[in-house]
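To be precise, the following lines are run13.cif, and they hold mmCIF, C-alpha atoms and all ligand atoms.
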```cif
data_target
#
loop_
_atom_site.label_atom_id
_atom_site.label_comp_id
_atom_site.auth_asym_id
_atom_site.auth_seq_id
_atom_site.Cartn_x
_atom_site.Cartn_y
_atom_site.Cartn_z
CA MET A 1 68.83 24.77 87.75
CA GLY A 2 70.40 23.90 91.09
CA ILE A 3 73.97 22.99 91.87
CA GLU A 4 74.71 19.28 91.69
CA TYR A 5 78.16 19.53 93.24
CA LEU A 6 79.23 22.32 95.54
CA ILE A 7 83.00 22.47 95.89
CA VAL A 8 84.46 24.48 98.74
CA GLY A 9 88.00 25.65 97.96
CA SER A 10 89.68 26.53 94.66
CA GLY A 11 93.06 24.95 95.45
CA LEU A 12 94.39 22.03 93.42
CA THR A 13 92.08 19.49 95.07
CA GLY A 14 88.87 21.49 94.56
CA ALA A 15 89.86 22.68 91.07
CA VAL A 16 90.81 19.21 89.77
CA ILE A 17 87.58 17.67 91.10
CA ALA A 18 85.62 20.59 89.57
CA ARG A 19 87.39 20.11 86.21
CA VAL A 20 86.78 16.35 86.00
CA LEU A 21 83.12 16.69 87.03
CA THR A 22 82.52 19.59 84.63
CA ASP A 23 84.16 17.70 81.76
CA ALA A 24 81.73 14.85 82.50
CA GLY A 25 78.75 17.23 82.15
CA CYS A 26 77.98 17.87 85.85
CA ARG A 27 76.72 21.20 87.22
CA VAL A 28 79.41 22.47 89.56
CA LEU A 29 79.92 25.59 91.68
CA VAL A 30 83.24 26.36 93.38
CA VAL A 31 83.22 28.73 96.35
CA GLU A 32 86.43 30.23 97.68
CA LYS A 33 87.01 32.16 100.89
CA ARG A 34 90.02 34.12 99.65
CA LYS A 35 90.14 36.99 97.16
CA HIS A 36 91.93 34.76 94.68
CA ILE A 37 91.76 31.26 93.24
CA GLY A 38 94.46 28.62 93.48
CA GLY A 39 94.76 28.00 97.22
CA ASN A 40 98.29 27.45 98.36
CA VAL A 41 99.87 27.41 94.90
CA HIS A 42 98.87 31.03 94.13
CA ASP A 43 101.62 33.26 92.75
CA GLN A 44 101.93 36.89 91.66
CA LYS A 45 104.29 39.33 89.98
CA HIS A 46 106.24 41.90 91.97
CA GLU A 47 106.47 45.38 90.37
CA SER A 48 110.01 44.48 89.29
CA GLY A 49 108.50 41.80 87.05
CA ILE A 50 109.80 39.00 89.28
CA ARG A 51 107.21 36.31 89.95
CA TYR A 52 106.95 34.95 93.50
CA HIS A 53 104.83 32.28 95.15
CA THR A 54 102.55 33.84 97.78
CA TYR A 55 102.58 30.85 100.14
CA GLY A 56 106.15 29.60 99.77
CA PRO A 57 108.07 28.03 96.87
CA HIS A 58 106.22 25.38 94.88
CA PHE A 59 108.37 23.12 92.71
CA PHE A 60 106.31 20.87 90.47
CA ARG A 61 107.58 17.33 90.07
CA THR A 62 106.07 13.96 89.29
CA SER A 63 107.11 10.57 88.05
CA SER A 64 103.63 9.89 86.69
CA ARG A 65 103.19 10.43 82.95
CA GLU A 66 99.42 10.67 83.46
CA ILE A 67 99.78 13.59 85.91
CA TRP A 68 102.43 15.27 83.75
CA ASN A 69 100.19 15.08 80.69
CA PHE A 70 97.21 16.32 82.73
CA VAL A 71 98.95 19.45 84.04
CA ARG A 72 100.32 20.28 80.60
CA ARG A 73 96.74 20.46 79.28
CA PHE A 74 96.48 23.74 81.18
CA SER A 75 99.91 25.33 80.78
CA HIS A 76 103.27 24.90 79.20
CA PHE A 77 105.88 23.95 81.84
CA TYR A 78 109.52 24.99 81.45
CA PRO A 79 112.16 22.64 82.84
CA PHE A 80 113.17 23.44 86.40
CA GLU A 81 114.82 21.15 88.93
CA ALA A 82 115.15 22.73 92.37
CA VAL A 83 118.49 22.63 94.15
CA VAL A 84 118.41 23.53 97.85
CA LYS A 85 121.48 24.36 99.91
CA THR A 86 121.83 24.49 103.67
CA ILE A 87 124.31 26.55 105.71
CA VAL A 88 126.55 24.35 107.89
CA ASP A 89 129.68 25.66 109.64
CA GLY A 90 129.51 28.77 107.46
CA LYS A 91 129.47 26.81 104.17
CA LEU A 92 126.72 25.79 101.74
CA GLU A 93 126.06 22.04 101.73
CA ASN A 94 123.58 20.00 99.69
CA TRP A 95 120.06 19.26 100.89
CA PRO A 96 119.28 16.31 100.84
CA ILE A 97 122.61 15.32 102.38
CA ALA A 98 125.41 14.19 100.05
CA ALA A 99 127.44 11.12 101.04
CA GLU A 100 130.45 13.19 100.00
CA TYR A 101 129.69 15.65 102.87
CA ILE A 102 129.48 12.78 105.38
CA GLU A 103 132.82 11.40 104.17
CA ARG A 104 134.40 14.85 104.47
CA THR A 105 133.04 15.25 108.01
CA ILE A 106 133.35 11.72 109.45
CA GLY A 107 135.67 9.81 107.11
CA PRO A 108 135.10 7.16 104.43
CA ASP A 109 134.04 4.38 106.83
CA TRP A 110 130.98 6.12 108.24
CA GLU A 111 127.95 4.17 109.38
CA PRO A 112 124.40 5.14 110.33
CA CYS A 113 124.07 5.62 114.09
CA PHE A 114 120.81 3.78 114.82
CA LYS A 115 120.01 0.14 114.13
CA GLY A 116 116.60 -1.36 114.81
CA VAL A 117 113.01 -0.33 114.29
CA ALA A 118 112.72 3.46 114.59
CA THR A 119 109.81 4.69 116.70
CA ASP A 120 110.39 8.43 116.32
CA PHE A 121 111.82 10.94 113.83
CA GLU A 122 115.24 11.14 115.49
CA GLN A 123 115.80 7.37 115.39
CA LYS A 124 114.60 7.20 111.78
CA ALA A 125 116.98 9.99 110.71
CA LEU A 126 119.85 8.36 112.65
CA SER A 127 119.15 5.08 110.85
CA ILE A 128 120.53 6.65 107.65
CA MET A 129 123.35 8.90 108.95
CA PRO A 130 125.96 9.36 111.70
CA ARG A 131 124.98 11.38 114.79
CA LEU A 132 127.34 14.30 114.09
CA VAL A 133 125.78 14.90 110.68
CA TYR A 134 122.28 14.58 112.15
CA GLU A 135 123.16 17.14 114.82
CA LYS A 136 124.60 19.63 112.32
CA LEU A 137 122.07 19.39 109.49
CA VAL A 138 118.87 17.68 110.52
CA LYS A 139 118.11 18.18 114.20
CA PRO A 140 118.45 22.01 114.38
CA TYR A 141 116.46 22.55 111.16
CA THR A 142 113.72 20.14 112.25
CA GLU A 143 113.43 21.64 115.74
CA LYS A 144 113.30 25.18 114.31
CA GLN A 145 110.68 24.13 111.77
CA TRP A 146 108.39 22.38 114.25
CA GLY A 147 109.23 24.21 117.48
CA VAL A 148 109.50 20.93 119.45
CA GLN A 149 112.17 18.29 120.10
CA ALA A 150 112.81 16.07 117.09
CA ASP A 151 112.23 12.87 119.10
CA THR A 152 108.57 13.85 119.67
CA LEU A 153 107.83 13.71 115.92
CA VAL A 154 106.70 10.64 113.97
CA PRO A 155 109.33 8.56 112.11
CA GLU A 156 107.50 8.94 108.76
CA LEU A 157 108.58 12.60 108.58
CA ALA A 158 112.14 11.40 107.93
CA LEU A 159 110.98 9.68 104.73
CA ARG A 160 110.92 13.12 103.06
CA PHE A 161 114.73 13.11 102.68
CA ASP A 162 117.59 10.71 102.17
CA VAL A 163 121.37 10.48 102.00
CA ARG A 164 122.46 10.72 98.37
CA MET A 165 125.12 8.08 97.83
CA ASP A 166 125.60 9.46 94.28
CA ASN A 167 125.71 13.08 95.60
CA ASP A 168 122.79 14.08 93.31
CA PRO A 169 122.20 17.73 94.34
CA ARG A 170 118.59 17.95 93.11
CA LEU A 171 115.89 18.33 95.76
CA MET A 172 113.77 15.66 94.06
CA ARG A 173 114.64 12.92 91.61
CA SER A 174 111.23 12.71 89.85
CA SER A 175 111.43 12.15 86.10
CA CYS A 176 109.20 15.16 85.17
CA GLN A 177 109.98 18.51 86.81
CA GLY A 178 109.10 22.05 85.82
CA LEU A 179 107.27 25.30 86.50
CA PRO A 180 104.23 26.65 84.61
CA SER A 181 105.44 29.23 82.07
CA GLY A 182 102.75 31.80 82.90
CA GLY A 183 102.86 31.06 86.64
CA TYR A 184 100.62 28.96 88.89
CA THR A 185 97.78 31.50 89.00
CA HIS A 186 97.48 31.37 85.22
CA PHE A 187 97.67 27.56 85.40
CA MET A 188 94.82 27.51 87.95
CA GLU A 189 92.73 29.96 85.87
CA SER A 190 93.09 27.66 82.93
CA LEU A 191 92.21 24.59 85.07
CA LEU A 192 89.03 26.34 86.21
CA LEU A 193 88.12 27.82 82.80
CA GLY A 194 84.36 27.75 82.18
CA ILE A 195 83.55 26.74 85.78
CA ASP A 196 81.52 29.06 88.06
CA VAL A 197 83.72 30.29 90.91
CA ARG A 198 82.46 32.58 93.67
CA LEU A 199 85.32 34.35 95.47
CA GLN A 200 85.33 35.75 99.01
CA PHE A 201 82.64 33.31 100.01
CA ASP A 202 83.32 31.62 103.35
CA PHE A 203 81.23 28.48 103.21
CA LEU A 204 81.31 28.01 106.97
CA LYS A 205 79.60 31.36 107.46
CA HIS A 206 76.92 30.63 104.86
CA ARG A 207 76.45 26.89 105.07
CA ASN A 208 72.70 27.18 105.52
CA ASP A 209 72.30 29.48 102.50
CA ILE A 210 73.72 27.19 99.84
CA LYS A 211 73.04 23.52 99.17
CA ALA A 212 74.28 20.87 96.78
CA GLU A 213 71.77 18.48 95.20
CA ARG A 214 74.22 15.59 95.15
CA LEU A 215 77.42 16.24 97.09
CA LEU A 216 79.29 18.86 99.07
CA VAL A 217 83.05 18.60 98.58
CA PHE A 218 84.85 20.50 101.37
CA THR A 219 88.61 21.11 100.99
CA GLY A 220 89.10 23.42 103.99
CA PRO A 221 90.29 22.38 107.47
CA ILE A 222 88.33 19.40 108.82
CA ASP A 223 88.33 20.65 112.42
CA ALA A 224 86.92 24.03 111.32
CA PHE A 225 84.16 22.19 109.40
CA PHE A 226 83.05 20.57 112.68
CA ASN A 227 83.42 23.84 114.57
CA TYR A 228 86.43 22.41 116.48
CA ARG A 229 84.08 20.29 118.56
CA LEU A 230 86.75 17.63 119.31
CA GLY A 231 89.56 20.18 119.73
CA ARG A 232 91.95 22.00 117.39
CA LEU A 233 94.42 20.32 115.09
CA LYS A 234 97.85 21.93 115.22
CA TYR A 235 99.50 23.47 112.14
CA ARG A 236 102.94 24.91 111.59
CA SER A 237 103.30 27.78 109.13
CA GLN A 238 105.78 30.40 107.96
CA LYS A 239 105.79 34.16 108.42
CA ARG A 240 107.03 35.54 105.12
CA ALA A 241 108.95 38.79 104.78
CA LEU A 242 109.40 40.01 101.20
CA GLN A 243 112.54 42.04 100.50
CA PHE A 244 113.38 43.78 97.22
CA LEU A 245 117.01 44.73 96.62
CA ALA A 246 116.96 47.27 93.77
CA ASP A 247 120.74 47.48 93.31
CA VAL A 248 121.58 43.81 93.60
CA ASP A 249 121.44 41.46 90.63
CA TYR A 250 121.58 38.20 92.59
CA SER A 251 121.93 37.78 96.33
CA GLN A 252 122.33 33.99 96.65
CA SER A 253 123.60 31.18 94.46
CA HIS A 254 120.48 28.99 94.62
CA ALA A 255 116.70 29.34 94.73
CA VAL A 256 116.46 28.18 98.36
CA ILE A 257 119.01 28.41 101.16
CA ASN A 258 118.15 26.75 104.48
CA ASN A 259 119.43 28.16 107.73
CA PRO A 260 119.34 25.54 110.50
CA SER A 261 121.35 27.75 112.92
CA GLY A 262 119.77 28.34 116.33
CA HIS A 263 121.15 31.93 116.31
CA SER A 264 118.48 33.17 113.90
CA ARG A 265 114.71 32.53 113.86
CA ARG A 266 114.68 32.56 110.04
CA ILE A 267 114.63 29.09 108.55
CA ARG A 268 115.18 29.71 104.85
CA THR A 269 115.46 32.39 102.18
CA ILE A 270 114.10 32.08 98.67
CA GLU A 271 115.49 34.14 95.81
CA TRP A 272 112.73 34.18 93.19
CA LYS A 273 114.86 35.22 90.24
CA ASN A 274 116.58 31.87 90.51
CA LEU A 275 113.29 30.16 89.58
CA MET A 276 112.78 32.19 86.38
CA GLN A 277 113.74 31.30 82.84
CA PRO A 278 117.05 32.88 81.71
CA GLY A 279 115.40 35.27 79.19
CA GLU A 280 112.97 36.57 81.82
CA GLN A 281 115.75 36.89 84.42
CA ARG A 282 117.76 39.19 82.16
CA ARG A 283 114.80 41.57 81.78
CA CYS A 284 114.43 42.13 85.56
CA ARG A 285 116.47 44.69 87.50
CA GLY A 286 117.19 44.01 91.18
CA THR A 287 116.26 40.86 93.05
CA LEU A 288 113.39 39.70 95.25
CA LEU A 289 113.75 37.55 98.37
CA THR A 290 111.33 35.91 100.80
CA HIS A 291 112.62 35.21 104.31
CA GLU A 292 110.63 32.55 106.16
CA THR A 293 110.23 32.19 109.93
CA PRO A 294 108.18 29.28 111.33
CA PHE A 295 105.30 29.78 113.76
CA THR A 296 102.26 27.86 115.03
CA ALA A 297 99.18 29.24 113.27
CA SER A 298 95.74 29.65 114.83
CA ASP A 299 94.06 31.40 111.85
CA PRO A 300 92.78 28.73 109.39
CA ASP A 301 93.86 30.98 106.49
CA GLN A 302 97.46 30.48 107.58
CA PHE A 303 97.38 26.70 108.11
CA GLU A 304 100.29 25.12 106.22
CA TYR A 305 101.94 21.94 107.51
CA PRO A 306 99.89 19.40 109.52
CA PHE A 307 101.76 18.69 112.75
CA PRO A 308 103.52 15.33 112.47
CA ASP A 309 103.06 13.92 115.97
CA ARG A 310 100.91 11.10 117.33
CA GLU A 311 98.58 13.32 119.31
CA ASN A 312 97.45 15.31 116.27
CA LEU A 313 97.24 12.28 114.01
CA ALA A 314 94.99 10.61 116.62
CA LEU A 315 92.78 13.71 116.81
CA TYR A 316 92.51 13.80 113.01
CA GLU A 317 91.46 10.14 113.06
CA LYS A 318 88.52 11.07 115.33
CA TYR A 319 87.47 13.85 112.93
CA ARG A 320 87.82 11.47 109.99
CA ARG A 321 85.40 9.03 111.64
CA LEU A 322 82.98 11.88 112.30
CA ALA A 323 83.14 12.87 108.61
CA GLU A 324 82.48 9.26 107.53
CA ASP A 325 79.12 9.46 109.25
CA CYS A 326 78.01 12.53 107.26
CA PRO A 327 76.14 11.48 104.10
CA GLY A 328 76.35 13.87 101.14
CA ILE A 329 79.67 15.34 102.30
CA LEU A 330 83.22 14.58 101.19
CA ILE A 331 86.05 16.23 103.14
CA CYS A 332 89.36 16.04 101.30
CA GLY A 333 92.61 17.77 100.29
CA ARG A 334 95.59 18.73 102.40
CA LEU A 335 93.45 20.55 105.01
CA GLY A 336 90.49 18.17 104.85
CA GLU A 337 92.64 15.05 105.25
CA TYR A 338 95.22 16.75 107.51
CA ARG A 339 97.98 15.44 105.35
CA TYR A 340 100.93 16.90 103.48
CA TYR A 341 100.30 16.19 99.80
CA ASP A 342 102.83 17.22 97.18
CA MET A 343 101.04 18.85 94.25
CA ASP A 344 101.20 15.75 92.05
CA HIS A 345 99.80 13.61 94.87
CA ALA A 346 97.04 16.16 95.55
CA ILE A 347 96.12 16.04 91.85
CA ALA A 348 96.20 12.22 91.69
CA ARG A 349 94.05 11.96 94.82
CA ALA A 350 91.56 14.52 93.46
CA MET A 351 91.34 12.68 90.12
CA ASN A 352 90.60 9.39 91.91
CA LEU A 353 87.95 11.00 94.11
CA ALA A 354 86.31 12.62 91.09
CA GLU A 355 86.17 9.24 89.33
CA LEU A 356 84.48 7.70 92.39
CA ILE A 357 81.97 10.57 92.47
CA LEU A 358 81.17 9.97 88.79
CA GLN A 359 80.78 6.22 89.31
CA ARG A 360 78.22 6.88 92.06
CA ARG A 361 76.42 9.40 89.86
CA ASN A 362 76.18 6.85 87.05
CA GLN A 363 74.75 4.31 89.49
CA GLY A 364 71.97 6.82 90.18
C1 LIG A 401 104.76 25.97 102.41
C2 LIG A 401 104.39 24.89 101.42
C3 LIG A 401 105.22 24.63 100.34
C4 LIG A 401 104.88 23.63 99.42
N1 LIG A 401 105.73 23.36 98.38
C5 LIG A 401 105.43 22.36 97.53
C6 LIG A 401 106.34 22.03 96.47
O1 LIG A 401 107.42 22.61 96.31
N2 LIG A 401 105.99 21.01 95.63
C7 LIG A 401 104.81 20.31 95.77
O2 LIG A 401 104.55 19.40 94.98
N3 LIG A 401 103.92 20.63 96.75
C8 LIG A 401 104.21 21.63 97.63
N4 LIG A 401 103.31 21.96 98.62
C9 LIG A 401 102.01 21.26 98.70
C10 LIG A 401 100.87 22.01 97.94
O3 LIG A 401 100.72 23.31 98.47
C11 LIG A 401 99.57 21.19 98.10
O4 LIG A 401 99.71 19.98 97.41
C12 LIG A 401 98.32 21.89 97.57
O5 LIG A 401 98.17 23.14 98.16
C13 LIG A 401 97.08 21.05 97.88
O6 LIG A 401 95.92 21.73 97.43
P1 LIG A 401 94.54 21.69 98.22
O7 LIG A 401 93.52 22.14 97.28
O8 LIG A 401 94.36 20.36 98.89
O9 LIG A 401 94.71 22.75 99.42
P2 LIG A 401 94.76 24.35 99.34
O10 LIG A 401 95.65 24.78 98.26
O11 LIG A 401 95.06 24.81 100.72
O12 LIG A 401 93.26 24.77 98.95
C14 LIG A 401 92.20 24.82 99.89
C15 LIG A 401 91.33 26.01 99.52
O13 LIG A 401 90.14 26.00 100.29
C16 LIG A 401 89.82 27.33 100.65
N5 LIG A 401 88.95 27.29 101.83
C17 LIG A 401 89.25 26.84 103.07
N6 LIG A 401 88.19 26.99 103.90
C18 LIG A 401 87.21 27.54 103.16
C19 LIG A 401 85.88 27.95 103.46
N7 LIG A 401 85.37 27.83 104.71
N8 LIG A 401 85.12 28.49 102.48
C20 LIG A 401 85.63 28.64 101.21
N9 LIG A 401 86.87 28.28 100.88
C21 LIG A 401 87.66 27.74 101.85
C22 LIG A 401 91.18 27.94 100.94
O14 LIG A 401 91.13 29.36 100.92
C23 LIG A 401 92.01 27.36 99.81
O15 LIG A 401 91.97 28.18 98.65
C24 LIG A 401 103.67 22.90 99.59
C25 LIG A 401 102.84 23.15 100.70
C26 LIG A 401 103.21 24.11 101.62
C27 LIG A 401 102.35 24.33 102.84
#
```
Rewrite the structure from the file as structure tokens, please.
Amino acid sequence: MGIEYLIVGSGLTGAVIARVLTDAGCRVLVVEKRKHIGGNVHDQKHESGIRYHTYGPHFFRTSSREIWNFVRRFSHFYPFEAVVKTIVDGKLENWPIAAEYIERTIGPDWEPCFKGVATDFEQKALSIMPRLVYEKLVKPYTEKQWGVQADTLVPELALRFDVRMDNDPRLMRSSCQGLPSGGYTHFMESLLLGIDVRLQFDFLKHRNDIKAERLLVFTGPIDAFFNYRLGRLKYRSQKRALQFLADVDYSQSHAVINNPSGHSRRIRTIEWKNLMQPGEQRRCRGTLLTHETPFTASDPDQFEYPFPDRENLALYEKYRRLAEDCPGILICGRLGEYRYYDMDHAIARAMNLAELILQRRNQG
């Protein structure tokens, strides 16, 4: 029997669509270019026993009961609420910014610097904080992360953080937060249980050899799918250097410490032991760190953050219109839609798309 639905990519988007379609009785094949399943959420254990996330720290959070119940079908999640600190003037301050820090720096009667309708990232950030605070905490980090001036980025990027008037130190305030007890790779294995997955299969190199009877779902980069015919979309990524310190128990106070300083190219350091459950932590000797340094990637395997400027969003829009004119093909996910999706949003989007696919199937 042939394949009804061919799903390219075993990340959250591809795996959730594959799960929903398989549960509904469809014949599905997932093909994956990498040696492993799971896409960007893949994790592994270091020889010390410390688990680390291959492609940067992934903190699961959602305020949707439906998504929370869905993910817990595939793994137990232990409670974990990420707290991120950022180095400013040699001290660790909260990220997102605490009102208490602004009061300490500016005084109790501080006001946001910008009033009006923000047309770029800088104005949007200044619409919630004084300039001095922006220049110490936000501007240098943003410019290091993206490698361009902050006022060339879109205002929507500033919606990813806020000023905490109640000084809540948690990275996110979602009502359900946690990490899968056996790690993300185990979670993804369980999500894909019973589904045919072919690893190390680059669809773009074999697209003429494999066909879907009903639909091809492509979750890789949309510009690569069209052979970059309209130009290349820009992505920012992180070079990751893993460092094991055998004689050190803990090297930093929190899981993630941001370094906005222009004196170093590193942008943040993750200490993985700080993500583990207390019982597991005690069993591990030494500590494991990942140091991240941003760069602009040209290898599709390294694509991480879509570039948040107007030029790239306009180019994506042209690709999106091209994709709309291709019957039998659905291009989706963070790379397919050139969009940063948190994991819960990627799952919700994939569930909705799978439901639409099933509706069409039922209509014949
Ligand atoms: C650095 C970083 C940190 C993040 N941290 C968080 C976090 O803390 N919390 C949170 O909620 N979200 C986080 N996210 C978002 C999260 O990673 C995404 O929501 C998730 O990866 C989306 O899954 P996806 O399936 O759309 O994409 P991916 O995980 O990228 O999956 C796409 C898959 O397609 C495969 N593929 C591509 N091209 C081909 C091809 N030609 N043939 C075969 N296979 C192919 C790829 O190898 C990959 O496995 C983070 C993202 C990044 C970049």
Which residues of chain A come within 7 Å of ligand LIG 401 (chain A), and what is each one's closest atom pair and distance in Å (one decimal), counting all atoms listed in the file, sorted by chain and residue number, as a Markdown table?
```
| residue | atom | partner | partner_atom | distance |
| --- | --- | --- | --- | --- |
| A:Val8 | CA | A:LIG401 | C20 | 5.0 |
| A:Gly9 | CA | A:LIG401 | O13 | 3.2 |
| A:Ser10 | CA | A:LIG401 | O15 | 4.9 |
| A:Gly11 | CA | A:LIG401 | O7 | 3.4 |
| A:Leu12 | CA | A:LIG401 | O7 | 4.0 |
| A:Thr13 | CA | A:LIG401 | O7 | 3.7 |
| A:Gly14 | CA | A:LIG401 | O7 | 5.4 |
| A:Val31 | CA | A:LIG401 | C20 | 5.4 |
| A:Glu32 | CA | A:LIG401 | N9 | 3.8 |
| A:Lys33 | CA | A:LIG401 | C20 | 3.8 |
| A:Arg34 | CA | A:LIG401 | O14 | 5.1 |
| A:Ile37 | CA | A:LIG401 | O15 | 6.2 |
| A:Gly38 | CA | A:LIG401 | O15 | 5.8 |
| A:Gly39 | CA | A:LIG401 | O15 | 3.1 |
| A:Asn40 | CA | A:LIG401 | O10 | 3.8 |
| A:Val41 | CA | A:LIG401 | O3 | 5.5 |
| A:Tyr55 | CA | A:LIG401 | C1 | 5.8 |
| A:Gly56 | CA | A:LIG401 | C1 | 4.7 |
| A:Pro57 | CA | A:LIG401 | N1 | 5.4 |
| A:His58 | CA | A:LIG401 | O1 | 3.3 |
| A:Phe59 | CA | A:LIG401 | O1 | 3.8 |
| A:Phe60 | CA | A:LIG401 | O2 | 5.1 |
| A:Arg61 | CA | A:LIG401 | O2 | 6.1 |
| A:Phe201 | CA | A:LIG401 | C20 | 5.7 |
| A:Asp202 | CA | A:LIG401 | N8 | 3.7 |
| A:Phe203 | CA | A:LIG401 | N8 | 4.0 |
| A:Leu204 | CA | A:LIG401 | N7 | 4.7 |
| A:Thr219 | CA | A:LIG401 | O13 | 5.2 |
| A:Gly220 | CA | A:LIG401 | C17 | 3.5 |
| A:Pro221 | CA | A:LIG401 | N6 | 6.2 |
| A:Asp301 | CA | A:LIG401 | O14 | 6.4 |
| A:Glu304 | CA | A:LIG401 | C27 | 4.0 |
| A:Tyr305 | CA | A:LIG401 | C27 | 5.3 |
| A:Gly333 | CA | A:LIG401 | O8 | 3.4 |
| A:Arg334 | CA | A:LIG401 | O8 | 4.1 |
| A:Leu335 | CA | A:LIG401 | O9 | 6.1 |
| A:Tyr340 | CA | A:LIG401 | C9 | 6.6 |
| A:Tyr341 | CA | A:LIG401 | O4 | 4.5 |
| A:Asp342 | CA | A:LIG401 | O2 | 3.5 |
| A:Met343 | CA | A:LIG401 | O4 | 3.6 |
| A:Asp344 | CA | A:LIG401 | O2 | 5.8 |
| A:His345 | CA | A:LIG401 | O4 | 6.9 |
| A:Ala346 | CA | A:LIG401 | O4 | 5.0 |
```
Hey, what's within 12 Å of A:Asp309 if we count only C-alpha atoms and toss same-chain stuff fewer than 4 positions away? As a PDB file with C-alpha atoms, in the frame of the given file, please?
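Written file, part-v6.pdb:
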```
ATOM      1  CA  THR A 119     109.810   4.690 116.700  1.00  0.00           C
ATOM      2  CA  ASP A 120     110.390   8.430 116.320  1.00  0.00           C
ATOM      3  CA  PHE A 121     111.820  10.940 113.830  1.00  0.00           C
ATOM      4  CA  TRP A 146     108.390  22.380 114.250  1.00  0.00           C
ATOM      5  CA  VAL A 148     109.500  20.930 119.450  1.00  0.00           C
ATOM      6  CA  GLN A 149     112.170  18.290 120.100  1.00  0.00           C
ATOM      7  CA  ALA A 150     112.810  16.070 117.090  1.00  0.00           C
ATOM      8  CA  ASP A 151     112.230  12.870 119.100  1.00  0.00           C
ATOM      9  CA  THR A 152     108.570  13.850 119.670  1.00  0.00           C
ATOM     10  CA  LEU A 153     107.830  13.710 115.920  1.00  0.00           C
ATOM     11  CA  VAL A 154     106.700  10.640 113.970  1.00  0.00           C
ATOM     12  CA  PRO A 155     109.330   8.560 112.110  1.00  0.00           C
ATOM     13  CA  GLU A 156     107.500   8.940 108.760  1.00  0.00           C
ATOM     14  CA  LEU A 157     108.580  12.600 108.580  1.00  0.00           C
ATOM     15  CA  LEU A 233      94.420  20.320 115.090  1.00  0.00           C
ATOM     16  CA  LYS A 234      97.850  21.930 115.220  1.00  0.00           C
ATOM     17  CA  TYR A 235      99.500  23.470 112.140  1.00  0.00           C
ATOM     18  CA  ARG A 236     102.940  24.910 111.590  1.00  0.00           C
ATOM     19  CA  TYR A 305     101.940  21.940 107.510  1.00  0.00           C
ATOM     20  CA  LEU A 313      97.240  12.280 114.010  1.00  0.00           C
ATOM     21  CA  ALA A 314      94.990  10.610 116.620  1.00  0.00           C
ATOM     22  CA  LEU A 315      92.780  13.710 116.810  1.00  0.00           C
ATOM     23  CA  TYR A 316      92.510  13.800 113.010  1.00  0.00           C
ATOM     24  CA  TYR A 338      95.220  16.750 107.510  1.00  0.00           C
ATOM     25  CA  ARG A 339      97.980  15.440 105.350  1.00  0.00           C
TER      26      ARG A 339
END
```
- Task: May I ask for the distance between atom CA of A:Gly2 and atom CA of A:Pro300, given in Å to one decimal place?
- Result: 29.3 Å
- Nearest residue to A:Gln277 from the set A:Tyr319, A:Phe80, A:Phe70, A:Tyr52 (distances using only C-alpha atoms):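 Closest to A:Gln277 of all the choices is A:Phe80.
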- Message: Show me, as a list in words, the residues that have an atom within 12 Å of A:Gly194 when counting all atoms listed in the file, minus same-chain residues fewer than 2 positions from it.
- Response: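 Close residues of A:Gly194: Ala15, Ala18, Arg19, Thr22, Asp23, Gly25, Arg27, Val28, Leu29, Val30, Met188, Glu189, Ser190, Leu191, Leu192, Asp196 and Val197 of chain A.
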- A:Lys45, A:Lys124, A:Lys136, A:His291 ranked by distance to A:Lys91, top pick (using only C-alpha atoms): A:Lys136
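Computed from the coordinates, the atom CA of A:Cys284 to atom CA of A:Glu271 distance equals 13.0 Å.
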